[in-house]
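Dropping model04.cif in here (mmCIF, N, CA and C atoms):
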```cif
data_work
loop_
_atom_site.label_atom_id
_atom_site.label_comp_id
_atom_site.auth_asym_id
_atom_site.auth_seq_id
_atom_site.Cartn_x
_atom_site.Cartn_y
_atom_site.Cartn_z
N MET A 26 -6.28 -36.76 -11.23
CA MET A 26 -7.61 -36.19 -11.17
C MET A 26 -7.51 -34.67 -11.17
N SER A 27 -8.32 -34.03 -11.96
CA SER A 27 -8.32 -32.57 -12.05
C SER A 27 -9.13 -31.94 -10.93
N ASP A 28 -8.81 -30.69 -10.66
CA ASP A 28 -9.57 -29.92 -9.68
C ASP A 28 -10.85 -29.39 -10.30
N THR A 29 -11.79 -29.01 -9.43
CA THR A 29 -13.00 -28.34 -9.88
C THR A 29 -12.59 -27.02 -10.53
N SER A 30 -13.14 -26.74 -11.70
CA SER A 30 -12.80 -25.52 -12.42
C SER A 30 -13.59 -24.34 -11.89
N THR A 31 -12.91 -23.25 -11.72
CA THR A 31 -13.56 -21.98 -11.43
C THR A 31 -13.63 -21.24 -12.76
N VAL A 32 -14.82 -20.80 -13.13
CA VAL A 32 -15.05 -20.12 -14.41
C VAL A 32 -15.37 -18.67 -14.13
N TRP A 33 -14.73 -17.76 -14.84
CA TRP A 33 -14.94 -16.32 -14.63
C TRP A 33 -16.25 -15.89 -15.26
N ASP A 34 -17.10 -15.26 -14.47
CA ASP A 34 -18.38 -14.71 -14.90
C ASP A 34 -18.16 -13.21 -15.14
N THR A 35 -17.91 -12.84 -16.38
CA THR A 35 -17.58 -11.46 -16.72
C THR A 35 -18.69 -10.49 -16.36
N ALA A 36 -19.92 -10.85 -16.60
CA ALA A 36 -21.06 -9.96 -16.35
C ALA A 36 -21.16 -9.59 -14.87
N ASN A 37 -20.80 -10.50 -13.98
CA ASN A 37 -20.93 -10.25 -12.55
C ASN A 37 -19.59 -10.07 -11.84
N SER A 38 -18.49 -10.06 -12.60
CA SER A 38 -17.13 -9.89 -12.06
C SER A 38 -16.86 -10.84 -10.90
N ARG A 39 -17.06 -12.13 -11.15
CA ARG A 39 -16.80 -13.12 -10.10
C ARG A 39 -16.54 -14.49 -10.73
N GLY A 40 -15.89 -15.32 -9.97
CA GLY A 40 -15.68 -16.70 -10.37
C GLY A 40 -16.82 -17.56 -9.85
N ASP A 41 -17.10 -18.65 -10.55
CA ASP A 41 -18.18 -19.53 -10.12
C ASP A 41 -17.86 -20.94 -10.60
N TRP A 42 -18.52 -21.92 -10.02
CA TRP A 42 -18.43 -23.30 -10.48
C TRP A 42 -19.62 -23.56 -11.38
N VAL A 43 -19.41 -24.37 -12.40
CA VAL A 43 -20.49 -24.69 -13.33
C VAL A 43 -20.60 -26.21 -13.47
N LEU A 44 -21.76 -26.64 -13.87
CA LEU A 44 -22.00 -28.06 -14.05
C LEU A 44 -21.61 -28.50 -15.46
N ALA A 45 -21.09 -29.71 -15.52
CA ALA A 45 -20.85 -30.40 -16.79
C ALA A 45 -21.70 -31.66 -16.68
N GLY A 46 -22.93 -31.58 -17.16
CA GLY A 46 -23.88 -32.66 -16.93
C GLY A 46 -24.33 -32.61 -15.48
N ALA A 47 -24.21 -33.72 -14.78
CA ALA A 47 -24.63 -33.79 -13.37
C ALA A 47 -23.48 -33.53 -12.40
N GLN A 48 -22.28 -33.28 -12.93
CA GLN A 48 -21.11 -33.07 -12.08
C GLN A 48 -20.52 -31.69 -12.30
N LEU A 49 -19.69 -31.26 -11.34
CA LEU A 49 -19.00 -30.00 -11.51
C LEU A 49 -17.93 -30.13 -12.58
N LEU A 50 -17.78 -29.09 -13.38
CA LEU A 50 -16.75 -29.03 -14.41
C LEU A 50 -15.38 -29.13 -13.76
N THR A 51 -14.49 -29.92 -14.35
CA THR A 51 -13.12 -30.05 -13.84
C THR A 51 -12.14 -29.68 -14.94
N GLY A 52 -10.89 -29.52 -14.56
CA GLY A 52 -9.83 -29.16 -15.51
C GLY A 52 -9.46 -27.70 -15.33
N ASN A 53 -8.70 -27.17 -16.25
CA ASN A 53 -8.28 -25.76 -16.21
C ASN A 53 -7.68 -25.40 -14.85
N ASP A 54 -6.83 -26.30 -14.33
CA ASP A 54 -6.28 -26.11 -12.98
C ASP A 54 -5.50 -24.82 -12.83
N LEU A 55 -4.70 -24.46 -13.83
CA LEU A 55 -3.89 -23.25 -13.70
C LEU A 55 -4.77 -22.00 -13.71
N GLU A 56 -5.77 -21.96 -14.58
CA GLU A 56 -6.67 -20.81 -14.59
C GLU A 56 -7.40 -20.69 -13.25
N THR A 57 -7.84 -21.81 -12.70
CA THR A 57 -8.50 -21.80 -11.39
C THR A 57 -7.54 -21.29 -10.32
N ALA A 58 -6.28 -21.71 -10.37
CA ALA A 58 -5.29 -21.24 -9.39
C ALA A 58 -5.12 -19.72 -9.47
N TYR A 59 -5.07 -19.19 -10.68
CA TYR A 59 -4.95 -17.73 -10.83
C TYR A 59 -6.22 -17.02 -10.35
N LEU A 60 -7.39 -17.55 -10.70
CA LEU A 60 -8.64 -16.93 -10.27
C LEU A 60 -8.75 -16.88 -8.75
N ILE A 61 -8.47 -17.99 -8.10
CA ILE A 61 -8.55 -18.01 -6.64
C ILE A 61 -7.49 -17.09 -6.04
N SER A 62 -6.30 -17.10 -6.61
CA SER A 62 -5.22 -16.25 -6.10
C SER A 62 -5.55 -14.76 -6.22
N LEU A 63 -6.21 -14.39 -7.30
CA LEU A 63 -6.49 -12.97 -7.53
C LEU A 63 -7.79 -12.49 -6.91
N PHE A 64 -8.83 -13.33 -6.94
CA PHE A 64 -10.15 -12.82 -6.61
C PHE A 64 -10.75 -13.38 -5.33
N THR A 65 -9.90 -13.98 -4.50
CA THR A 65 -10.27 -14.31 -3.13
C THR A 65 -9.62 -13.23 -2.27
N ASP A 66 -10.32 -12.77 -1.26
CA ASP A 66 -9.80 -11.67 -0.44
C ASP A 66 -8.72 -12.13 0.53
N ARG A 67 -7.52 -11.61 0.34
CA ARG A 67 -6.42 -11.84 1.28
C ARG A 67 -6.58 -10.83 2.42
N GLN A 68 -6.15 -11.22 3.58
CA GLN A 68 -6.25 -10.33 4.73
C GLN A 68 -5.40 -9.07 4.51
N ALA A 69 -5.97 -7.94 4.88
CA ALA A 69 -5.24 -6.67 4.80
C ALA A 69 -4.04 -6.71 5.73
N GLN A 70 -3.01 -6.01 5.34
CA GLN A 70 -1.81 -5.90 6.16
C GLN A 70 -1.93 -4.69 7.07
N PRO A 71 -1.16 -4.68 8.17
CA PRO A 71 -1.16 -3.48 9.02
C PRO A 71 -0.80 -2.27 8.16
N GLY A 72 -1.53 -1.21 8.32
CA GLY A 72 -1.29 0.00 7.54
C GLY A 72 -2.17 0.12 6.30
N ASP A 73 -2.79 -0.98 5.86
CA ASP A 73 -3.71 -0.89 4.73
C ASP A 73 -4.95 -0.14 5.15
N VAL A 74 -5.47 0.69 4.26
CA VAL A 74 -6.70 1.43 4.53
C VAL A 74 -7.88 0.59 4.04
N ILE A 75 -8.80 0.28 4.95
CA ILE A 75 -9.97 -0.52 4.61
C ILE A 75 -10.98 0.38 3.89
N PRO A 76 -11.42 0.02 2.68
CA PRO A 76 -12.25 0.91 1.86
C PRO A 76 -13.54 1.38 2.52
N ASP A 77 -14.19 0.53 3.31
CA ASP A 77 -15.47 0.94 3.90
C ASP A 77 -15.31 1.60 5.26
N GLY A 78 -14.06 1.81 5.68
CA GLY A 78 -13.81 2.50 6.94
C GLY A 78 -13.97 1.62 8.17
N SER A 79 -14.27 0.36 7.99
CA SER A 79 -14.45 -0.56 9.12
C SER A 79 -13.08 -1.10 9.56
N ASN A 80 -13.10 -2.01 10.47
CA ASN A 80 -11.88 -2.69 10.91
C ASN A 80 -11.82 -4.11 10.35
N ASP A 81 -12.68 -4.43 9.37
CA ASP A 81 -12.75 -5.77 8.81
C ASP A 81 -11.60 -5.96 7.82
N THR A 82 -10.61 -6.74 8.24
CA THR A 82 -9.43 -6.97 7.39
C THR A 82 -9.62 -8.15 6.44
N ARG A 83 -10.80 -8.75 6.46
CA ARG A 83 -11.16 -9.87 5.59
C ARG A 83 -10.14 -11.00 5.70
N GLY A 84 -9.99 -11.77 4.62
CA GLY A 84 -9.07 -12.89 4.64
C GLY A 84 -9.68 -14.13 5.24
N TRP A 85 -8.87 -15.18 5.30
CA TRP A 85 -9.30 -16.48 5.81
C TRP A 85 -8.50 -16.81 7.05
N ILE A 86 -9.17 -17.21 8.11
CA ILE A 86 -8.52 -17.49 9.38
C ILE A 86 -7.44 -18.57 9.23
N GLY A 87 -7.61 -19.47 8.28
CA GLY A 87 -6.62 -20.52 8.04
C GLY A 87 -5.30 -20.00 7.52
N ASP A 88 -5.24 -18.73 7.12
CA ASP A 88 -4.00 -18.15 6.63
C ASP A 88 -3.05 -17.72 7.75
N VAL A 89 -3.54 -17.62 8.95
CA VAL A 89 -2.71 -17.14 10.06
C VAL A 89 -1.46 -18.02 10.17
N GLY A 90 -0.31 -17.39 10.10
CA GLY A 90 0.96 -18.09 10.23
C GLY A 90 1.45 -18.80 8.98
N GLN A 91 0.70 -18.72 7.89
CA GLN A 91 1.09 -19.40 6.65
C GLN A 91 2.04 -18.52 5.83
N LYS A 92 2.95 -19.17 5.11
CA LYS A 92 3.89 -18.43 4.26
C LYS A 92 3.16 -17.69 3.14
N TYR A 93 2.16 -18.36 2.55
CA TYR A 93 1.41 -17.77 1.45
C TYR A 93 -0.07 -17.71 1.79
N PRO A 94 -0.55 -16.57 2.23
CA PRO A 94 -2.00 -16.44 2.44
C PRO A 94 -2.71 -16.58 1.10
N ILE A 95 -3.94 -17.06 1.15
CA ILE A 95 -4.74 -17.22 -0.06
C ILE A 95 -5.30 -15.87 -0.49
N GLY A 96 -5.34 -15.63 -1.78
CA GLY A 96 -6.02 -14.46 -2.32
C GLY A 96 -5.13 -13.25 -2.54
N SER A 97 -5.79 -12.14 -2.83
CA SER A 97 -5.09 -10.89 -3.10
C SER A 97 -5.73 -9.76 -2.30
N ARG A 98 -5.02 -8.66 -2.31
CA ARG A 98 -5.54 -7.46 -1.65
C ARG A 98 -6.20 -6.51 -2.65
N LEU A 99 -6.58 -7.01 -3.83
CA LEU A 99 -7.28 -6.17 -4.81
C LEU A 99 -8.56 -5.57 -4.23
N TRP A 100 -9.19 -6.24 -3.29
CA TRP A 100 -10.42 -5.73 -2.68
C TRP A 100 -10.20 -4.38 -2.01
N LEU A 101 -8.97 -4.07 -1.63
CA LEU A 101 -8.67 -2.78 -1.01
C LEU A 101 -8.86 -1.61 -1.99
N LEU A 102 -8.97 -1.92 -3.26
CA LEU A 102 -9.12 -0.88 -4.29
C LEU A 102 -10.57 -0.58 -4.63
N GLU A 103 -11.52 -1.21 -3.92
CA GLU A 103 -12.93 -1.07 -4.27
C GLU A 103 -13.42 0.36 -4.39
N ARG A 104 -12.93 1.24 -3.58
CA ARG A 104 -13.39 2.63 -3.64
C ARG A 104 -12.27 3.59 -4.04
N ALA A 105 -11.21 3.03 -4.59
CA ALA A 105 -10.07 3.85 -4.98
C ALA A 105 -10.36 4.62 -6.26
N LYS A 106 -9.68 5.72 -6.41
CA LYS A 106 -9.77 6.52 -7.64
C LYS A 106 -8.84 5.91 -8.68
N ALA A 107 -9.16 6.10 -9.94
CA ALA A 107 -8.35 5.60 -11.05
C ALA A 107 -7.14 6.50 -11.24
N THR A 108 -6.12 6.28 -10.42
CA THR A 108 -4.90 7.08 -10.46
C THR A 108 -3.70 6.17 -10.77
N PRO A 109 -2.56 6.77 -11.11
CA PRO A 109 -1.36 5.95 -11.30
C PRO A 109 -0.99 5.17 -10.03
N GLN A 110 -1.20 5.75 -8.86
CA GLN A 110 -0.88 5.04 -7.61
C GLN A 110 -1.78 3.81 -7.44
N THR A 111 -3.06 3.95 -7.78
CA THR A 111 -3.96 2.81 -7.70
C THR A 111 -3.51 1.71 -8.65
N LEU A 112 -3.08 2.08 -9.84
CA LEU A 112 -2.58 1.11 -10.81
C LEU A 112 -1.33 0.41 -10.26
N ASN A 113 -0.43 1.17 -9.64
CA ASN A 113 0.77 0.57 -9.03
C ASN A 113 0.39 -0.38 -7.91
N ASN A 114 -0.58 0.02 -7.08
CA ASN A 114 -1.04 -0.86 -6.01
C ASN A 114 -1.63 -2.14 -6.57
N ALA A 115 -2.42 -2.01 -7.63
CA ALA A 115 -3.02 -3.19 -8.25
C ALA A 115 -1.94 -4.14 -8.75
N ARG A 116 -0.93 -3.61 -9.41
CA ARG A 116 0.17 -4.44 -9.91
C ARG A 116 0.88 -5.15 -8.75
N THR A 117 1.11 -4.43 -7.66
CA THR A 117 1.74 -5.02 -6.48
C THR A 117 0.87 -6.14 -5.92
N TYR A 118 -0.43 -5.90 -5.80
CA TYR A 118 -1.34 -6.91 -5.24
C TYR A 118 -1.43 -8.16 -6.12
N VAL A 119 -1.44 -7.96 -7.43
CA VAL A 119 -1.49 -9.09 -8.35
C VAL A 119 -0.20 -9.91 -8.25
N THR A 120 0.93 -9.23 -8.28
CA THR A 120 2.22 -9.91 -8.20
C THR A 120 2.35 -10.69 -6.90
N GLU A 121 1.97 -10.07 -5.81
CA GLU A 121 2.00 -10.71 -4.49
C GLU A 121 1.12 -11.96 -4.46
N ALA A 122 -0.06 -11.88 -5.06
CA ALA A 122 -1.03 -12.97 -5.00
C ALA A 122 -0.60 -14.21 -5.78
N VAL A 123 0.14 -14.02 -6.86
CA VAL A 123 0.49 -15.16 -7.71
C VAL A 123 1.93 -15.62 -7.55
N GLN A 124 2.67 -15.01 -6.64
CA GLN A 124 4.07 -15.39 -6.45
C GLN A 124 4.23 -16.85 -6.06
N TRP A 125 3.27 -17.38 -5.32
CA TRP A 125 3.37 -18.78 -4.87
C TRP A 125 3.46 -19.75 -6.05
N LEU A 126 2.88 -19.39 -7.20
CA LEU A 126 2.93 -20.26 -8.37
C LEU A 126 4.36 -20.42 -8.90
N VAL A 127 5.16 -19.38 -8.78
CA VAL A 127 6.57 -19.44 -9.16
C VAL A 127 7.35 -20.19 -8.09
N ASP A 128 7.13 -19.82 -6.83
CA ASP A 128 7.88 -20.44 -5.74
C ASP A 128 7.63 -21.94 -5.63
N ASP A 129 6.41 -22.38 -5.95
CA ASP A 129 6.08 -23.81 -5.93
C ASP A 129 6.39 -24.50 -7.26
N LYS A 130 6.99 -23.75 -8.18
CA LYS A 130 7.39 -24.27 -9.49
C LYS A 130 6.22 -24.79 -10.33
N VAL A 131 5.06 -24.22 -10.11
CA VAL A 131 3.91 -24.51 -10.97
C VAL A 131 4.14 -23.83 -12.32
N VAL A 132 4.67 -22.61 -12.28
CA VAL A 132 5.10 -21.88 -13.48
C VAL A 132 6.53 -21.42 -13.24
N SER A 133 7.27 -21.18 -14.32
CA SER A 133 8.64 -20.70 -14.15
C SER A 133 8.67 -19.19 -13.95
N LYS A 134 7.72 -18.52 -14.56
CA LYS A 134 7.59 -17.06 -14.41
C LYS A 134 6.27 -16.64 -15.00
N HIS A 135 5.91 -15.40 -14.79
CA HIS A 135 4.74 -14.85 -15.47
C HIS A 135 4.99 -13.38 -15.74
N ASP A 136 4.48 -12.93 -16.88
CA ASP A 136 4.49 -11.51 -17.22
C ASP A 136 3.12 -10.98 -16.85
N ILE A 137 3.10 -9.87 -16.13
CA ILE A 137 1.85 -9.31 -15.63
C ILE A 137 1.68 -7.91 -16.20
N THR A 138 0.53 -7.65 -16.77
CA THR A 138 0.17 -6.31 -17.23
C THR A 138 -1.13 -5.92 -16.55
N VAL A 139 -1.13 -4.74 -15.95
CA VAL A 139 -2.32 -4.20 -15.31
C VAL A 139 -2.54 -2.82 -15.92
N GLN A 140 -3.76 -2.57 -16.42
CA GLN A 140 -4.02 -1.28 -17.05
C GLN A 140 -5.49 -0.92 -16.95
N TRP A 141 -5.78 0.36 -17.10
CA TRP A 141 -7.16 0.81 -17.15
C TRP A 141 -7.69 0.46 -18.52
N ILE A 142 -8.86 -0.18 -18.57
CA ILE A 142 -9.44 -0.51 -19.88
C ILE A 142 -10.72 0.27 -20.14
N ALA A 143 -11.32 0.81 -19.09
CA ALA A 143 -12.52 1.65 -19.20
C ALA A 143 -12.70 2.32 -17.84
N SER A 144 -13.61 3.25 -17.77
CA SER A 144 -13.88 3.92 -16.51
C SER A 144 -14.33 2.91 -15.46
N GLY A 145 -13.62 2.86 -14.37
CA GLY A 145 -13.97 1.95 -13.28
C GLY A 145 -13.61 0.50 -13.52
N GLN A 146 -12.84 0.22 -14.58
CA GLN A 146 -12.49 -1.16 -14.90
C GLN A 146 -10.98 -1.33 -15.05
N LEU A 147 -10.47 -2.26 -14.29
CA LEU A 147 -9.05 -2.58 -14.32
C LEU A 147 -8.87 -3.86 -15.10
N GLY A 148 -7.98 -3.85 -16.06
CA GLY A 148 -7.68 -5.05 -16.83
C GLY A 148 -6.43 -5.70 -16.29
N ILE A 149 -6.47 -7.02 -16.14
CA ILE A 149 -5.32 -7.79 -15.68
C ILE A 149 -5.03 -8.83 -16.74
N TRP A 150 -3.79 -8.86 -17.23
CA TRP A 150 -3.36 -9.80 -18.24
C TRP A 150 -2.13 -10.52 -17.70
N ILE A 151 -2.14 -11.85 -17.76
CA ILE A 151 -1.00 -12.63 -17.27
C ILE A 151 -0.60 -13.65 -18.33
N GLN A 152 0.68 -13.62 -18.66
CA GLN A 152 1.27 -14.65 -19.52
C GLN A 152 2.12 -15.52 -18.61
N ALA A 153 1.72 -16.75 -18.44
CA ALA A 153 2.47 -17.70 -17.60
C ALA A 153 3.33 -18.58 -18.48
N TYR A 154 4.47 -18.99 -17.93
CA TYR A 154 5.41 -19.85 -18.64
C TYR A 154 5.60 -21.16 -17.89
N ARG A 155 5.61 -22.25 -18.64
CA ARG A 155 5.86 -23.57 -18.06
C ARG A 155 7.32 -23.65 -17.59
N PRO A 156 7.62 -24.61 -16.73
CA PRO A 156 9.02 -24.78 -16.31
C PRO A 156 10.00 -25.00 -17.46
N ASP A 157 9.52 -25.52 -18.60
CA ASP A 157 10.41 -25.70 -19.75
C ASP A 157 10.55 -24.42 -20.59
N GLY A 158 9.87 -23.34 -20.16
CA GLY A 158 9.96 -22.04 -20.85
C GLY A 158 8.86 -21.79 -21.87
N SER A 159 8.09 -22.81 -22.22
CA SER A 159 7.01 -22.59 -23.18
C SER A 159 5.85 -21.84 -22.50
N LYS A 160 5.05 -21.20 -23.31
CA LYS A 160 3.96 -20.37 -22.79
C LYS A 160 2.68 -21.17 -22.60
N PHE A 161 2.00 -20.88 -21.52
CA PHE A 161 0.61 -21.32 -21.37
C PHE A 161 -0.23 -20.33 -22.16
N PRO A 162 -1.49 -20.66 -22.47
CA PRO A 162 -2.37 -19.63 -23.04
C PRO A 162 -2.47 -18.46 -22.05
N ALA A 163 -2.51 -17.24 -22.56
CA ALA A 163 -2.58 -16.06 -21.70
C ALA A 163 -3.94 -15.97 -21.02
N PHE A 164 -3.94 -15.38 -19.83
CA PHE A 164 -5.16 -15.17 -19.05
C PHE A 164 -5.44 -13.68 -18.99
N SER A 165 -6.72 -13.31 -19.03
CA SER A 165 -7.07 -11.89 -18.86
C SER A 165 -8.42 -11.80 -18.17
N TRP A 166 -8.54 -10.78 -17.32
CA TRP A 166 -9.77 -10.54 -16.56
C TRP A 166 -10.01 -9.05 -16.48
N VAL A 167 -11.26 -8.72 -16.27
CA VAL A 167 -11.66 -7.33 -16.01
C VAL A 167 -12.19 -7.29 -14.59
N TRP A 168 -11.69 -6.36 -13.82
CA TRP A 168 -12.11 -6.20 -12.43
C TRP A 168 -12.77 -4.84 -12.29
N LYS A 169 -14.01 -4.84 -11.80
CA LYS A 169 -14.76 -3.60 -11.64
C LYS A 169 -14.73 -3.16 -10.18
N GLY A 170 -15.03 -1.91 -9.94
CA GLY A 170 -15.14 -1.43 -8.57
C GLY A 170 -14.28 -0.23 -8.29
N ILE A 171 -13.57 0.26 -9.29
CA ILE A 171 -12.72 1.43 -9.11
C ILE A 171 -13.46 2.64 -9.64
N LYS A 172 -13.33 3.74 -8.96
CA LYS A 172 -14.04 4.96 -9.35
C LYS A 172 -13.30 5.74 -10.40
#
```
Is it possible to express this structure as C-alpha cells?
Amino acid sequence: MSDTSTVWDTANSRGDWVLAGAQLLTGNDLETAYLISLFTDRQAQPGDVIPDGSNDTRGWIGDVGQKYPIGSRLWLLERAKATPQTLNNARTYVTEAVQWLVDDKVVSKHDITVQWIASGQLGIWIQAYRPDGSKFPAFSWVWKGIK
C-alpha cells in the first residue's frame, strides 16, 4: 500500500494533500519523503539564531531523543540575506534533512544542488539513486523567504 502523496504547491511554497476522486492521492512515496524531510521544521540546535528573535525552536516533540529528527532547519533562513554563507547553510540543512534516506537504504546516494534562482528564491535540486545505482527522476523545488 502506498503512502498519502504530498504534492508541492509552487504558488504558495508548501506541500499539501490532494484528492483523487473521493480519496487522498497516494503514491510518489520518495517525493513525499523528500518533501517532508525538507519542508517540515526540524528543531533548532543550540547556537542556531531564531529568525524572529523568539525562543521558539520549533520542531516536533516526538523527535526528542530520536536519531533522526523529522524535517530540516531551512526555516532558520527565513530572514537571511542572500549570501554565500546562507547558501552554504542551506546546503548543510538539506543534506542533514535527507541523510536518513541513505542510512535507511531507501536511496544509495543523492546529488544535491542548492543555488539562487531569483531574488529571495532558493532552488533545491536532488538527484537520488536507487540501491542498484540507477537514477530516480530528479526532484526540484523553489523555496521563498530569503531576502
If we count all atoms listed in the file, what is near A:Ser165 at a cut-off of 5 Å, once residues fewer than 2 positions away on the same chain are taken out, given as a count of residues only? 5
Identify all residues of stretch 34-96 of chain A in helix (DSSP H, G or I) (DSSP on the backbone) and supply them as a ChimeraX atom specification. /A:35-37,54-64,86-88
With N, CA and C atoms kept, could you save the residues just selected as a compact mmCIF listing (two decimals), keeping the file's coordinate frame?
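What follows is the written file out-v1.txt:
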```txt
# COMPACT_ATOMS: atom_id res chain seq x y z
N THR A 35 -17.91 -12.84 -16.38
CA THR A 35 -17.58 -11.46 -16.72
C THR A 35 -18.69 -10.49 -16.36
N ALA A 36 -19.92 -10.85 -16.60
CA ALA A 36 -21.06 -9.96 -16.35
C ALA A 36 -21.16 -9.59 -14.87
N ASN A 37 -20.80 -10.50 -13.98
CA ASN A 37 -20.93 -10.25 -12.55
C ASN A 37 -19.59 -10.07 -11.84
N ASP A 54 -6.83 -26.30 -14.33
CA ASP A 54 -6.28 -26.11 -12.98
C ASP A 54 -5.50 -24.82 -12.83
N LEU A 55 -4.70 -24.46 -13.83
CA LEU A 55 -3.89 -23.25 -13.70
C LEU A 55 -4.77 -22.00 -13.71
N GLU A 56 -5.77 -21.96 -14.58
CA GLU A 56 -6.67 -20.81 -14.59
C GLU A 56 -7.40 -20.69 -13.25
N THR A 57 -7.84 -21.81 -12.70
CA THR A 57 -8.50 -21.80 -11.39
C THR A 57 -7.54 -21.29 -10.32
N ALA A 58 -6.28 -21.71 -10.37
CA ALA A 58 -5.29 -21.24 -9.39
C ALA A 58 -5.12 -19.72 -9.47
N TYR A 59 -5.07 -19.19 -10.68
CA TYR A 59 -4.95 -17.73 -10.83
C TYR A 59 -6.22 -17.02 -10.35
N LEU A 60 -7.39 -17.55 -10.70
CA LEU A 60 -8.64 -16.93 -10.27
C LEU A 60 -8.75 -16.88 -8.75
N ILE A 61 -8.47 -17.99 -8.10
CA ILE A 61 -8.55 -18.01 -6.64
C ILE A 61 -7.49 -17.09 -6.04
N SER A 62 -6.30 -17.10 -6.61
CA SER A 62 -5.22 -16.25 -6.10
C SER A 62 -5.55 -14.76 -6.22
N LEU A 63 -6.21 -14.39 -7.30
CA LEU A 63 -6.49 -12.97 -7.53
C LEU A 63 -7.79 -12.49 -6.91
N PHE A 64 -8.83 -13.33 -6.94
CA PHE A 64 -10.15 -12.82 -6.61
C PHE A 64 -10.75 -13.38 -5.33
N ILE A 86 -9.17 -17.21 8.11
CA ILE A 86 -8.52 -17.49 9.38
C ILE A 86 -7.44 -18.57 9.23
N GLY A 87 -7.61 -19.47 8.28
CA GLY A 87 -6.62 -20.52 8.04
C GLY A 87 -5.30 -20.00 7.52
N ASP A 88 -5.24 -18.73 7.12
CA ASP A 88 -4.00 -18.15 6.63
C ASP A 88 -3.05 -17.72 7.75
```
Would you mind telling me which residue in A:Ser97, A:Asn37, A:Thr82, A:Gln140 lies nearest to A:Thr111 when using only C-alpha atoms?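 So, comparing all the options, the nearest one is A:Gln140.
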Assign secondary structure with DSSP using the backbone only, and return the residues of chain A in strand (DSSP E) as a PyMOL selection string. chain A and resi 32-34+39-41+44-45+48-49+134-143+146-154+164-169
Given only C-alpha atoms as the counted atoms, nearest of A:Gln152, A:Asn114, A:Ser159, A:Gln91 to A:Glu56: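 When distances to A:Glu56 are compared using only C-alpha atoms, the smallest one comes from A:Gln152.
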Point-to-point distance in Å for atom C of A:Trp100 and atom N of A:Thr31: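 Here the two named atoms are 21.4 Å from each other.
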Nearest candidate to A:Phe164 (options A:Ala45, A:Val132, A:Ala69, A:Leu60; using only C-alpha atoms):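 Closest candidate: A:Leu60.
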The PyMOL selection byres ((chain A and resi 99) around 8) resolved against shown file, as a PyMOL selection string: chain A and resi 63-67+96-98+100-103+114-115+117-119
Check the smallest atom-to-atom distance from each of A:Ala153, A:Leu147, A:Val89, A:Ala122 to A:His135 using only C-alpha atoms, then report the winner.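 For A:His135, the nearest of the candidates is A:Ala153.
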Report, in Å with one decimal, the straight-line distance from atom CA of A:Tyr59 to atom CA of A:Gly84.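 Interatomic distance, atom CA of A:Tyr59 to atom CA of A:Gly84: 16.7 Å.
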